[in-house]
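For reference, the structure discussed in these notes is given below.
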2 protein chains.
Amino acid sequence: MLKEERKQLILNEVRIHNRVLLTDIAELVDVSVDTVRRDIKELHDEKKLKKVHGGAISLGFYHYDVPEKEVYSIEKKSLIAKKAIRLLKNGQVVLFSGGTTNLELAKELPHSLTITCFTPSLAIANQLVKKHNVEVILIGGKLSKDSQIAVGGTAINMLSDMKADLCFMGTNSIDLEHGLTEFDWEIVEMKKAMIKASKKVVAPVISEKIASFQRYKICNIEDIDVLVTELDPADGVLQKFKEMNISLL
Amino acid sequence: MLKEERKQLILNEVRIHNRVLLTDIAELVDVSVDTVRRDIKELHDEKKLKKVHGGAISLGFYHYDVPEKEVYSIEKKSLIAKKAIRLLKNGQVVLFSGGTTNLELAKELPHSLTITCFTPSLAIANQLVKKHNVEVILIGGKLSKDSQIAVGGTAINMLSDMKADLCFMGTNSIDLEHGLTEFDWEIVEMKKAMIKASKKVVAPVISEKIASFQRYKICNIEDIDVLVTELDPADGVLQKFKEMNISLL
DNA sequence: CAATTTATTGCAATATTTTGCAGTTTAACA
DNA sequence: TGTTAAACTGCAAAATATTGCAATAAATTG
């Protein structure tokens, strides 16, 4: 393994977990702790992370402290992303909605994957363009200020002209009875159009969002084909979904 | 095996695996490591990959989290931006092409300004959404990898349905005889459509780009209404433009 | 076409970088 | 304050980089 590669891996680990232990990395890439220590020292000098006793932590984490909850949710999202990526195959056309879980998914897409991605989300497009083998197609329209997602007629029209193999539908609220729901009507319209434009709908969600609902409905639970959570598919919380014939990951 | 063949092979390996080892390539194509090293050095100089100790890694991989690339001659661009902003009035509809000068313009837009901005550029949209009183409308389409601008039929269609008050047309080459020119045909098509979609065309350009031209033509000099440079409007370089009835700023 | 230049490639000598190890020092924590 | 894990130092082996050079192939020129 190249040194630079190792350094990238360390940075990525820090980004996902906010901290790394020298010993973990050493074991992971099978080099001595000394080497990892030197790598981290260099990254520290490059101001890419903060070296601490026993390992390193992310710069952002150190300066303004992220609430504990947030840290763990990044790890959960990363796990969900890794699971969801297993659904992707070369040559597919994929539609990404917005949301932080989908953002993590976009970040962690392997560079070797050759797919075409449609997205109305600025943040996700920013990540996708970094992947050399991913063709990115921006869905245009008025940018909703808070979610940074293109909404409105233009965007929905563009969606009506396409059919994706897969849609990663991020969501804030999912509930057995109420289905997928949102509080912003413009976003609801977009998401409805996205579901219509896809053969298969995948919902990557953190388990804490299960059994919550908002004002406006996007779709029924049955409209979801695959549910990806950070939990084990055998977890009790998910069994009702399984009974409704939704694949779990 | 030809040298260029080898270089293509190396690039391809990097594209797929995100890294190559000198020794692997040397064995694969049966040349000495010295030769491979020289090939990789050239590719590095061409900025096609990043040479590292023991091999090379892909640029995208390396720049995992470096969103902001340093802008060349930022002071001049900032001055141009400040001048160009004087052309804006509340309530206007403005079209932004890509380019670093336009990016600087987007960054420096005052928060008090209430305008509607259309842009096919990811980087510029990123800046514009930060301005609370700016409504941003993303022009969708296939994202060109290097320029990060939406191009193609969808984007051009969207432009054909609109009329902006003003268009900030960034450019790499401007010349009295050849007009505005570009080397990428897809971008040329977009820029043509943008000019057609605007009542008034403003070209913010660094003076060093004056009197240079590329392969493909966007428009004639006369199609430009206002030329904004970092120079004093009385500067000798600009007088020919004044004679052609172009406003200087 | 012959002569000359230029580009490409491999090799050898030397320099530099990377890495792991051992010994010592420093910092964390109960 | 003593114990332990981690950090630092210097060092040597291995891998990689650099440089100059010579042999050969390819292109250019008169």
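Each chain in the structure tokens gets a letter, A, B, ..., in the order shown, and its residues are numbered from 1; ligands are numbered from 1 in order too.
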Contacts of chain A with chain B up to 6 Å, shortest pair per row, only C-alpha atoms, as a Markdown table:
| residue | atom | partner | partner_atom | distance |
| --- | --- | --- | --- | --- |
| A:Ser112 | CA | B:Ile16 | CA | 5.0 |
| A:Lys130 | CA | B:Gly60 | CA | 5.7 |
| A:Val136 | CA | B:Leu143 | CA | 5.5 |
| A:Ile137 | CA | B:Lys142 | CA | 4.2 |
| A:Leu138 | CA | B:Gly140 | CA | 4.7 |
| A:Ile139 | CA | B:Gly140 | CA | 4.6 |
| A:Gly140 | CA | B:Gly140 | CA | 3.6 |
| A:Gly141 | CA | B:Leu138 | CA | 5.1 |
| A:Lys142 | CA | B:Ile137 | CA | 4.2 |
| A:Leu143 | CA | B:Val136 | CA | 5.5 |
Export of the given selection (all heavy atoms) as a PDB file, in the first residue's frame:
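Written out: again.pdb:
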ATOM      1  N   SER A 112     -14.370   3.261  -8.328  1.00  0.00           N
ATOM      2  CA  SER A 112     -14.395   2.313  -9.432  1.00  0.00           C
ATOM      3  C   SER A 112     -15.797   2.156 -10.033  1.00  0.00           C
ATOM      4  O   SER A 112     -15.943   1.636 -11.130  1.00  0.00           O
ATOM      5  CB  SER A 112     -13.900   0.962  -8.935  1.00  0.00           C
ATOM      6  OG  SER A 112     -14.668   0.543  -7.837  1.00  0.00           O
ATOM      7  N   LYS A 130     -16.872  14.679  -7.816  1.00  0.00           N
ATOM      8  CA  LYS A 130     -15.516  14.273  -7.471  1.00  0.00           C
ATOM      9  C   LYS A 130     -15.211  12.845  -7.914  1.00  0.00           C
ATOM     10  O   LYS A 130     -14.051  12.454  -7.955  1.00  0.00           O
ATOM     11  CB  LYS A 130     -15.315  14.366  -5.959  1.00  0.00           C
ATOM     12  CG  LYS A 130     -15.362  15.762  -5.408  1.00  0.00           C
ATOM     13  CD  LYS A 130     -15.074  15.718  -3.923  1.00  0.00           C
ATOM     14  CE  LYS A 130     -15.312  17.075  -3.286  1.00  0.00           C
ATOM     15  NZ  LYS A 130     -15.233  16.977  -1.817  1.00  0.00           N
ATOM     16  N   VAL A 136     -22.670  12.891 -13.744  1.00  0.00           N
ATOM     17  CA  VAL A 136     -23.629  13.592 -12.896  1.00  0.00           C
ATOM     18  C   VAL A 136     -24.566  14.420 -13.747  1.00  0.00           C
ATOM     19  O   VAL A 136     -24.124  15.184 -14.604  1.00  0.00           O
ATOM     20  CB  VAL A 136     -22.913  14.528 -11.901  1.00  0.00           C
ATOM     21  CG1 VAL A 136     -23.921  15.084 -10.919  1.00  0.00           C
ATOM     22  CG2 VAL A 136     -21.807  13.799 -11.186  1.00  0.00           C
ATOM     23  N   ILE A 137     -25.850  14.268 -13.512  1.00  0.00           N
ATOM     24  CA  ILE A 137     -26.811  15.102 -14.205  1.00  0.00           C
ATOM     25  C   ILE A 137     -27.627  15.859 -13.174  1.00  0.00           C
ATOM     26  O   ILE A 137     -28.310  15.288 -12.335  1.00  0.00           O
ATOM     27  CB  ILE A 137     -27.685  14.264 -15.141  1.00  0.00           C
ATOM     28  CG1 ILE A 137     -26.766  13.672 -16.217  1.00  0.00           C
ATOM     29  CG2 ILE A 137     -28.765  15.127 -15.773  1.00  0.00           C
ATOM     30  CD1 ILE A 137     -27.384  12.614 -17.036  1.00  0.00           C
ATOM     31  N   LEU A 138     -27.473  17.156 -13.244  1.00  0.00           N
ATOM     32  CA  LEU A 138     -28.096  18.053 -12.294  1.00  0.00           C
ATOM     33  C   LEU A 138     -29.545  18.265 -12.701  1.00  0.00           C
ATOM     34  O   LEU A 138     -29.839  18.549 -13.853  1.00  0.00           O
ATOM     35  CB  LEU A 138     -27.341  19.380 -12.377  1.00  0.00           C
ATOM     36  CG  LEU A 138     -27.249  20.265 -11.168  1.00  0.00           C
ATOM     37  CD1 LEU A 138     -26.790  19.499  -9.961  1.00  0.00           C
ATOM     38  CD2 LEU A 138     -26.288  21.393 -11.471  1.00  0.00           C
ATOM     39  N   ILE A 139     -30.443  18.109 -11.738  1.00  0.00           N
ATOM     40  CA  ILE A 139     -31.838  18.425 -12.005  1.00  0.00           C
ATOM     41  C   ILE A 139     -32.040  19.885 -11.625  1.00  0.00           C
ATOM     42  O   ILE A 139     -31.845  20.261 -10.469  1.00  0.00           O
ATOM     43  CB  ILE A 139     -32.762  17.492 -11.215  1.00  0.00           C
ATOM     44  CG1 ILE A 139     -32.570  16.059 -11.728  1.00  0.00           C
ATOM     45  CG2 ILE A 139     -34.213  17.935 -11.352  1.00  0.00           C
ATOM     46  CD1 ILE A 139     -33.292  15.019 -10.940  1.00  0.00           C
ATOM     47  N   GLY A 140     -32.353  20.694 -12.613  1.00  0.00           N
ATOM     48  CA  GLY A 140     -32.422  22.137 -12.398  1.00  0.00           C
ATOM     49  C   GLY A 140     -33.721  22.586 -11.773  1.00  0.00           C
ATOM     50  O   GLY A 140     -34.670  21.823 -11.659  1.00  0.00           O
ATOM     51  N   GLY A 141     -33.735  23.857 -11.366  1.00  0.00           N
ATOM     52  CA  GLY A 141     -34.946  24.424 -10.794  1.00  0.00           C
ATOM     53  C   GLY A 141     -34.622  25.403  -9.690  1.00  0.00           C
ATOM     54  O   GLY A 141     -33.453  25.649  -9.393  1.00  0.00           O
ATOM     55  N   LYS A 142     -35.639  25.951  -9.086  1.00  0.00           N
ATOM     56  CA  LYS A 142     -35.451  26.901  -7.998  1.00  0.00           C
ATOM     57  C   LYS A 142     -34.835  26.188  -6.810  1.00  0.00           C
ATOM     58  O   LYS A 142     -35.305  25.133  -6.403  1.00  0.00           O
ATOM     59  CB  LYS A 142     -36.809  27.495  -7.593  1.00  0.00           C
ATOM     60  CG  LYS A 142     -36.716  28.669  -6.663  1.00  0.00           C
ATOM     61  CD  LYS A 142     -38.090  29.065  -6.139  1.00  0.00           C
ATOM     62  CE  LYS A 142     -38.455  28.225  -4.926  1.00  0.00           C
ATOM     63  NZ  LYS A 142     -39.730  28.586  -4.312  1.00  0.00           N
ATOM     64  N   LEU A 143     -33.781  26.749  -6.247  1.00  0.00           N
ATOM     65  CA  LEU A 143     -33.144  26.102  -5.097  1.00  0.00           C
ATOM     66  C   LEU A 143     -33.859  26.498  -3.816  1.00  0.00           C
ATOM     67  O   LEU A 143     -33.931  27.680  -3.474  1.00  0.00           O
ATOM     68  CB  LEU A 143     -31.673  26.514  -5.005  1.00  0.00           C
ATOM     69  CG  LEU A 143     -30.692  25.729  -5.862  1.00  0.00           C
ATOM     70  CD1 LEU A 143     -29.273  26.194  -5.576  1.00  0.00           C
ATOM     71  CD2 LEU A 143     -30.806  24.240  -5.611  1.00  0.00           C
TER      72      LEU A 143
END
Give me, as a PyMOL selection string, the residues of chain D touching chain A, with the criterion being at most 12 Å (counting only C-alpha atoms (C1' of nucleotides)). chain D and resi 5-8+15-16
How about saving the chosen residues, all heavy atoms kept, as a short mmCIF file (atom, residue, chain, number, x, y, z; two decimals), in the first residue's frame?
data_model
loop_
_atom_site.label_atom_id
_atom_site.label_comp_id
_atom_site.auth_asym_id
_atom_site.auth_seq_id
_atom_site.Cartn_x
_atom_site.Cartn_y
_atom_site.Cartn_z
P DA D 5 -0.07 -1.21 29.10
OP1 DA D 5 -1.10 -2.25 29.02
OP2 DA D 5 1.35 -1.54 28.97
"O5'" DA D 5 -0.43 -0.10 28.02
"C5'" DA D 5 -1.52 0.80 28.26
"C4'" DA D 5 -1.25 2.10 27.51
"O4'" DA D 5 -0.15 2.81 28.13
"C3'" DA D 5 -0.87 1.90 26.04
"O3'" DA D 5 -1.62 2.79 25.25
"C2'" DA D 5 0.63 2.20 26.01
"C1'" DA D 5 0.78 3.20 27.15
N9 DA D 5 2.11 3.19 27.76
C8 DA D 5 2.83 2.11 28.18
N7 DA D 5 3.99 2.42 28.70
C5 DA D 5 4.03 3.80 28.62
C6 DA D 5 5.01 4.74 29.01
N6 DA D 5 6.17 4.41 29.59
N1 DA D 5 4.74 6.04 28.79
C2 DA D 5 3.58 6.37 28.21
N3 DA D 5 2.58 5.57 27.81
C4 DA D 5 2.88 4.29 28.05
P DA D 6 -1.50 2.76 23.68
OP1 DA D 6 -2.86 2.95 23.13
OP2 DA D 6 -0.68 1.60 23.29
"O5'" DA D 6 -0.67 4.08 23.40
"C5'" DA D 6 -1.11 5.31 23.98
"C4'" DA D 6 -0.01 6.34 23.84
"O4'" DA D 6 1.14 5.94 24.63
"C3'" DA D 6 0.49 6.54 22.41
"O3'" DA D 6 0.42 7.91 22.11
"C2'" DA D 6 1.93 6.03 22.46
"C1'" DA D 6 2.30 6.28 23.91
N9 DA D 6 3.39 5.46 24.44
C8 DA D 6 3.46 4.10 24.51
N7 DA D 6 4.57 3.64 25.07
C5 DA D 6 5.28 4.80 25.38
C6 DA D 6 6.53 5.01 25.98
N6 DA D 6 7.33 4.02 26.39
N1 DA D 6 6.93 6.29 26.15
C2 DA D 6 6.12 7.28 25.73
N3 DA D 6 4.93 7.20 25.15
C4 DA D 6 4.56 5.93 25.00
P DA D 7 0.91 8.46 20.72
OP1 DA D 7 0.02 9.57 20.37
OP2 DA D 7 1.10 7.33 19.80
"O5'" DA D 7 2.34 9.06 21.07
"C5'" DA D 7 2.43 10.13 22.01
"C4'" DA D 7 3.86 10.63 22.08
"O4'" DA D 7 4.68 9.60 22.68
"C3'" DA D 7 4.49 10.94 20.72
"O3'" DA D 7 5.08 12.24 20.78
"C2'" DA D 7 5.51 9.84 20.50
"C1'" DA D 7 5.86 9.42 21.92
N9 DA D 7 6.21 8.01 22.07
C8 DA D 7 5.49 6.92 21.66
N7 DA D 7 6.06 5.76 21.94
C5 DA D 7 7.22 6.13 22.59
C6 DA D 7 8.27 5.37 23.15
N6 DA D 7 8.29 4.03 23.14
N1 DA D 7 9.30 6.04 23.73
C2 DA D 7 9.26 7.38 23.73
N3 DA D 7 8.33 8.20 23.24
C4 DA D 7 7.34 7.50 22.69
P DC D 8 5.77 12.85 19.51
OP1 DC D 8 5.61 14.30 19.59
OP2 DC D 8 5.31 12.09 18.31
"O5'" DC D 8 7.31 12.52 19.74
"C5'" DC D 8 7.95 13.03 20.91
"C4'" DC D 8 9.34 12.47 21.00
"O4'" DC D 8 9.26 11.03 21.18
"C3'" DC D 8 10.20 12.69 19.76
"O3'" DC D 8 11.35 13.43 20.15
"C2'" DC D 8 10.54 11.28 19.27
"C1'" DC D 8 10.35 10.45 20.53
N1 DC D 8 10.00 9.02 20.31
C2 DC D 8 10.86 8.03 20.78
O2 DC D 8 11.90 8.38 21.37
N3 DC D 8 10.54 6.72 20.59
C4 DC D 8 9.40 6.40 19.97
N4 DC D 8 9.13 5.10 19.82
C5 DC D 8 8.50 7.39 19.49
C6 DC D 8 8.84 8.68 19.67
P DA D 15 12.89 -4.67 -0.54
OP1 DA D 15 11.82 -5.69 -0.64
OP2 DA D 15 14.18 -4.85 -1.24
"O5'" DA D 15 12.26 -3.28 -1.00
"C5'" DA D 15 11.24 -2.68 -0.19
"C4'" DA D 15 11.03 -1.26 -0.65
"O4'" DA D 15 12.16 -0.46 -0.28
"C3'" DA D 15 10.85 -1.11 -2.17
"O3'" DA D 15 9.67 -0.35 -2.40
"C2'" DA D 15 12.12 -0.39 -2.62
"C1'" DA D 15 12.51 0.37 -1.37
N9 DA D 15 13.93 0.67 -1.24
C8 DA D 15 14.97 -0.21 -1.28
N7 DA D 15 16.16 0.35 -1.11
C5 DA D 15 15.86 1.69 -0.96
C6 DA D 15 16.68 2.82 -0.73
N6 DA D 15 18.01 2.76 -0.64
N1 DA D 15 16.07 4.01 -0.61
C2 DA D 15 14.73 4.07 -0.71
N3 DA D 15 13.87 3.08 -0.91
C4 DA D 15 14.50 1.91 -1.02
P DT D 16 9.15 -0.14 -3.87
OP1 DT D 16 7.67 -0.04 -3.78
OP2 DT D 16 9.81 -1.10 -4.77
"O5'" DT D 16 9.71 1.32 -4.18
"C5'" DT D 16 9.35 2.38 -3.30
"C4'" DT D 16 10.14 3.61 -3.66
"O4'" DT D 16 11.54 3.41 -3.39
"C3'" DT D 16 10.06 4.01 -5.15
"O3'" DT D 16 9.50 5.30 -5.20
"C2'" DT D 16 11.49 3.92 -5.64
"C1'" DT D 16 12.26 4.13 -4.33
N1 DT D 16 13.66 3.63 -4.30
C2 DT D 16 14.68 4.52 -4.00
O2 DT D 16 14.48 5.71 -3.77
N3 DT D 16 15.94 3.97 -3.97
C4 DT D 16 16.29 2.66 -4.21
O4 DT D 16 17.45 2.30 -4.14
C5 DT D 16 15.19 1.79 -4.52
C7 DT D 16 15.45 0.33 -4.79
C6 DT D 16 13.94 2.30 -4.55
#
Could you work out which residues of chain C fall inside 10 Å of chain A? Count only C-alpha atoms (C1' of nucleotides), and format the result as a PDB file with N, CA, C and O atoms (P, O5', C5', C4', C3', O3' and C1' of nucleotides), in the first residue's frame.
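This is the output file iface-v5.pdb:
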ATOM      1  P    DT C  18       8.595   9.568   2.168  1.00  0.00           P
ATOM      2  O5'  DT C  18       8.660   8.056   2.658  1.00  0.00           O
ATOM      3  C5'  DT C  18       8.528   7.022   1.683  1.00  0.00           C
ATOM      4  C4'  DT C  18       8.721   5.681   2.345  1.00  0.00           C
ATOM      5  C3'  DT C  18       7.882   5.479   3.617  1.00  0.00           C
ATOM      6  O3'  DT C  18       7.138   4.288   3.433  1.00  0.00           O
ATOM      7  C1'  DT C  18      10.139   4.863   3.984  1.00  0.00           C
ATOM      8  P    DT C  19       5.933   3.949   4.445  1.00  0.00           P
ATOM      9  O5'  DT C  19       6.623   2.929   5.444  1.00  0.00           O
ATOM     10  C5'  DT C  19       7.241   1.758   4.915  1.00  0.00           C
ATOM     11  C4'  DT C  19       8.098   1.126   5.971  1.00  0.00           C
ATOM     12  C3'  DT C  19       7.430   1.016   7.345  1.00  0.00           C
ATOM     13  O3'  DT C  19       7.053  -0.331   7.523  1.00  0.00           O
ATOM     14  C1'  DT C  19       9.746   1.632   7.474  1.00  0.00           C
ATOM     15  P    DG C  20       6.175  -0.757   8.816  1.00  0.00           P
ATOM     16  O5'  DG C  20       7.294  -1.366   9.757  1.00  0.00           O
ATOM     17  C5'  DG C  20       8.087  -2.438   9.288  1.00  0.00           C
ATOM     18  C4'  DG C  20       9.227  -2.685  10.245  1.00  0.00           C
ATOM     19  C3'  DG C  20       8.805  -2.950  11.697  1.00  0.00           C
ATOM     20  O3'  DG C  20       9.545  -4.068  12.156  1.00  0.00           O
ATOM     21  C1'  DG C  20      10.373  -1.179  11.628  1.00  0.00           C
ATOM     22  P    DC C  21       9.206  -4.793  13.534  1.00  0.00           P
ATOM     23  O5'  DC C  21      10.469  -4.440  14.443  1.00  0.00           O
ATOM     24  C5'  DC C  21      11.779  -4.603  13.909  1.00  0.00           C
ATOM     25  C4'  DC C  21      12.780  -3.920  14.815  1.00  0.00           C
ATOM     26  C3'  DC C  21      12.485  -4.041  16.314  1.00  0.00           C
ATOM     27  O3'  DC C  21      13.623  -4.552  16.975  1.00  0.00           O
ATOM     28  C1'  DC C  21      12.957  -1.804  15.734  1.00  0.00           C
ATOM     29  P    DA C  27       5.651  15.705  28.164  1.00  0.00           P
ATOM     30  O5'  DA C  27       4.301  14.862  28.253  1.00  0.00           O
ATOM     31  C5'  DA C  27       3.723  14.346  27.058  1.00  0.00           C
ATOM     32  C4'  DA C  27       2.611  13.384  27.411  1.00  0.00           C
ATOM     33  C3'  DA C  27       1.562  13.952  28.376  1.00  0.00           C
ATOM     34  O3'  DA C  27       0.294  13.697  27.825  1.00  0.00           O
ATOM     35  C1'  DA C  27       2.398  11.886  29.195  1.00  0.00           C
ATOM     36  P    DA C  28      -1.000  14.237  28.524  1.00  0.00           P
ATOM     37  O5'  DA C  28      -1.611  12.869  29.071  1.00  0.00           O
ATOM     38  C5'  DA C  28      -2.035  11.875  28.138  1.00  0.00           C
ATOM     39  C4'  DA C  28      -2.571  10.682  28.892  1.00  0.00           C
ATOM     40  C3'  DA C  28      -3.717  11.016  29.865  1.00  0.00           C
ATOM     41  O3'  DA C  28      -4.738  10.059  29.660  1.00  0.00           O
ATOM     42  C1'  DA C  28      -1.967   9.902  31.018  1.00  0.00           C
TER      43       DA C  28
END
I need the helix (DSSP H, G or I) residues of stretch 80-160 of chain A per DSSP on the backbone, written as a ChimeraX atom specification. /A:80-85,100-108,122-128,153-160
Which distance in Å separates atom CA of A:Glu42 and atom C1' of D:DT9, to one decimal? 17.2 Å
Write out as number ranges by chain the residues lying within 10 Å of C:DT14, counting only C-alpha atoms (C1' of nucleotides) and excluding same-chain residues fewer than 2 positions away. C: 12, 16; D: 18-19
Can I get the selection written as a PDB file, in the first residue's frame, with all heavy atoms?
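Once written, part_2.pdb looks like this:
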ATOM      1  P    DA C  12      23.668  -2.614 -14.849  1.00  0.00           P
ATOM      2  OP1  DA C  12      24.519  -3.746 -15.281  1.00  0.00           O
ATOM      3  OP2  DA C  12      22.502  -2.859 -13.966  1.00  0.00           O
ATOM      4  O5'  DA C  12      24.587  -1.524 -14.158  1.00  0.00           O
ATOM      5  C5'  DA C  12      25.452  -0.721 -14.955  1.00  0.00           C
ATOM      6  C4'  DA C  12      25.873   0.493 -14.157  1.00  0.00           C
ATOM      7  O4'  DA C  12      24.811   1.492 -14.212  1.00  0.00           O
ATOM      8  C3'  DA C  12      26.106   0.220 -12.668  1.00  0.00           C
ATOM      9  O3'  DA C  12      27.259   0.933 -12.250  1.00  0.00           O
ATOM     10  C2'  DA C  12      24.847   0.748 -12.004  1.00  0.00           C
ATOM     11  C1'  DA C  12      24.511   1.927 -12.900  1.00  0.00           C
ATOM     12  N9   DA C  12      23.104   2.339 -12.892  1.00  0.00           N
ATOM     13  C8   DA C  12      21.995   1.540 -12.890  1.00  0.00           C
ATOM     14  N7   DA C  12      20.864   2.203 -12.891  1.00  0.00           N
ATOM     15  C5   DA C  12      21.264   3.534 -12.909  1.00  0.00           C
ATOM     16  C6   DA C  12      20.538   4.733 -12.922  1.00  0.00           C
ATOM     17  N6   DA C  12      19.211   4.791 -12.935  1.00  0.00           N
ATOM     18  N1   DA C  12      21.241   5.888 -12.942  1.00  0.00           N
ATOM     19  C2   DA C  12      22.580   5.822 -12.937  1.00  0.00           C
ATOM     20  N3   DA C  12      23.372   4.750 -12.927  1.00  0.00           N
ATOM     21  C4   DA C  12      22.640   3.631 -12.912  1.00  0.00           C
ATOM     22  P    DT C  16      20.441  13.654  -0.977  1.00  0.00           P
ATOM     23  OP1  DT C  16      20.235  15.085  -1.253  1.00  0.00           O
ATOM     24  OP2  DT C  16      21.305  13.200   0.150  1.00  0.00           O
ATOM     25  O5'  DT C  16      19.013  12.990  -0.798  1.00  0.00           O
ATOM     26  C5'  DT C  16      18.099  13.003  -1.895  1.00  0.00           C
ATOM     27  C4'  DT C  16      16.931  12.130  -1.555  1.00  0.00           C
ATOM     28  O4'  DT C  16      17.326  10.744  -1.592  1.00  0.00           O
ATOM     29  C3'  DT C  16      16.354  12.378  -0.155  1.00  0.00           C
ATOM     30  O3'  DT C  16      15.008  12.797  -0.317  1.00  0.00           O
ATOM     31  C2'  DT C  16      16.500  11.042   0.555  1.00  0.00           C
ATOM     32  C1'  DT C  16      16.573  10.069  -0.616  1.00  0.00           C
ATOM     33  N1   DT C  16      17.271   8.773  -0.358  1.00  0.00           N
ATOM     34  C2   DT C  16      16.574   7.602  -0.546  1.00  0.00           C
ATOM     35  O2   DT C  16      15.407   7.567  -0.909  1.00  0.00           O
ATOM     36  N3   DT C  16      17.285   6.461  -0.303  1.00  0.00           N
ATOM     37  C4   DT C  16      18.615   6.383   0.110  1.00  0.00           C
ATOM     38  O4   DT C  16      19.141   5.294   0.284  1.00  0.00           O
ATOM     39  C5   DT C  16      19.281   7.658   0.294  1.00  0.00           C
ATOM     40  C7   DT C  16      20.704   7.668   0.740  1.00  0.00           C
ATOM     41  C6   DT C  16      18.594   8.779   0.053  1.00  0.00           C
TER      42       DT C  16
ATOM     43  P    DT D  18      12.393  11.869  -8.131  1.00  0.00           P
ATOM     44  OP1  DT D  18      11.979  13.204  -7.687  1.00  0.00           O
ATOM     45  OP2  DT D  18      11.731  11.206  -9.284  1.00  0.00           O
ATOM     46  O5'  DT D  18      13.953  11.923  -8.422  1.00  0.00           O
ATOM     47  C5'  DT D  18      14.840  12.283  -7.357  1.00  0.00           C
ATOM     48  C4'  DT D  18      16.262  12.378  -7.880  1.00  0.00           C
ATOM     49  O4'  DT D  18      16.806  11.043  -7.992  1.00  0.00           O
ATOM     50  C3'  DT D  18      16.381  13.020  -9.267  1.00  0.00           C
ATOM     51  O3'  DT D  18      17.362  14.043  -9.174  1.00  0.00           O
ATOM     52  C2'  DT D  18      16.827  11.879 -10.179  1.00  0.00           C
ATOM     53  C1'  DT D  18      17.534  10.953  -9.197  1.00  0.00           C
ATOM     54  N1   DT D  18      17.524   9.504  -9.551  1.00  0.00           N
ATOM     55  C2   DT D  18      18.720   8.811  -9.501  1.00  0.00           C
ATOM     56  O2   DT D  18      19.769   9.330  -9.201  1.00  0.00           O
ATOM     57  N3   DT D  18      18.606   7.470  -9.823  1.00  0.00           N
ATOM     58  C4   DT D  18      17.468   6.787 -10.175  1.00  0.00           C
ATOM     59  O4   DT D  18      17.511   5.592 -10.431  1.00  0.00           O
ATOM     60  C5   DT D  18      16.263   7.576 -10.218  1.00  0.00           C
ATOM     61  C7   DT D  18      14.968   6.922 -10.598  1.00  0.00           C
ATOM     62  C6   DT D  18      16.345   8.878  -9.906  1.00  0.00           C
ATOM     63  P    DT D  19      17.514  15.109 -10.348  1.00  0.00           P
ATOM     64  OP1  DT D  19      17.632  16.426  -9.712  1.00  0.00           O
ATOM     65  OP2  DT D  19      16.460  14.874 -11.365  1.00  0.00           O
ATOM     66  O5'  DT D  19      18.910  14.723 -10.987  1.00  0.00           O
ATOM     67  C5'  DT D  19      19.993  14.326 -10.128  1.00  0.00           C
ATOM     68  C4'  DT D  19      21.037  13.589 -10.944  1.00  0.00           C
ATOM     69  O4'  DT D  19      20.665  12.193 -11.035  1.00  0.00           O
ATOM     70  C3'  DT D  19      21.167  14.090 -12.386  1.00  0.00           C
ATOM     71  O3'  DT D  19      22.456  14.678 -12.558  1.00  0.00           O
ATOM     72  C2'  DT D  19      20.984  12.861 -13.258  1.00  0.00           C
ATOM     73  C1'  DT D  19      21.129  11.704 -12.273  1.00  0.00           C
ATOM     74  N1   DT D  19      20.295  10.515 -12.575  1.00  0.00           N
ATOM     75  C2   DT D  19      20.880   9.278 -12.513  1.00  0.00           C
ATOM     76  O2   DT D  19      22.046   9.105 -12.224  1.00  0.00           O
ATOM     77  N3   DT D  19      20.036   8.228 -12.802  1.00  0.00           N
ATOM     78  C4   DT D  19      18.696   8.313 -13.142  1.00  0.00           C
ATOM     79  O4   DT D  19      18.059   7.304 -13.372  1.00  0.00           O
ATOM     80  C5   DT D  19      18.150   9.641 -13.188  1.00  0.00           C
ATOM     81  C7   DT D  19      16.716   9.855 -13.546  1.00  0.00           C
ATOM     82  C6   DT D  19      18.967  10.671 -12.909  1.00  0.00           C
TER      83       DT D  19
END
What's around D:DA26 at 12 Å? Count only C-alpha atoms (C1' of nucleotides), leave out sequence neighbours fewer than 4 positions away in its own chain, and write the answer as JSON, numbers by chain. {"C": [5, 6, 7, 8]}
Find the residues near B:Leu88: any atom within 12 Å, counting only C-alpha atoms (C1' of nucleotides), skip ones fewer than 2 places away on the same chain, and give them as a list in words.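 Near B:Leu88, the qualifying residues are Ala81, Lys82, Lys83, Ala84, Ile85, Arg86, Asn90, Gly91, Gln92, Val93, Val94, Leu95, Leu105, Ala106, Leu109, Pro110, Ser112, Leu113, Thr114, Ile115, Thr116, Cys117, Asp165, Leu166, Cys167, Phe168, Lys200 and Val202 of chain B.
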Could you give me, as JSON, numbers by chain, each residue of stretch 7-222 of chain A that DSSP assigns to strand (DSSP E or B) when run on this structure's backbone? {"A": [19, 20, 21, 50, 51, 52, 55, 56, 57, 93, 94, 95, 96, 115, 116, 117, 118, 119, 121, 134, 135, 136, 137, 138, 141, 142, 143, 144, 149, 150, 151, 164, 166, 167, 168, 173, 174, 175, 179, 180, 181, 182, 198, 201, 202, 203, 204, 210, 216, 217, 218, 219]}
Leaving out A:Arg215 and any residue of its chain fewer than 2 positions from it, which residues lie within 7 Å of it when counting only C-alpha atoms (C1' of nucleotides), given as a PyMOL selection string? chain A and resi 181-183+217
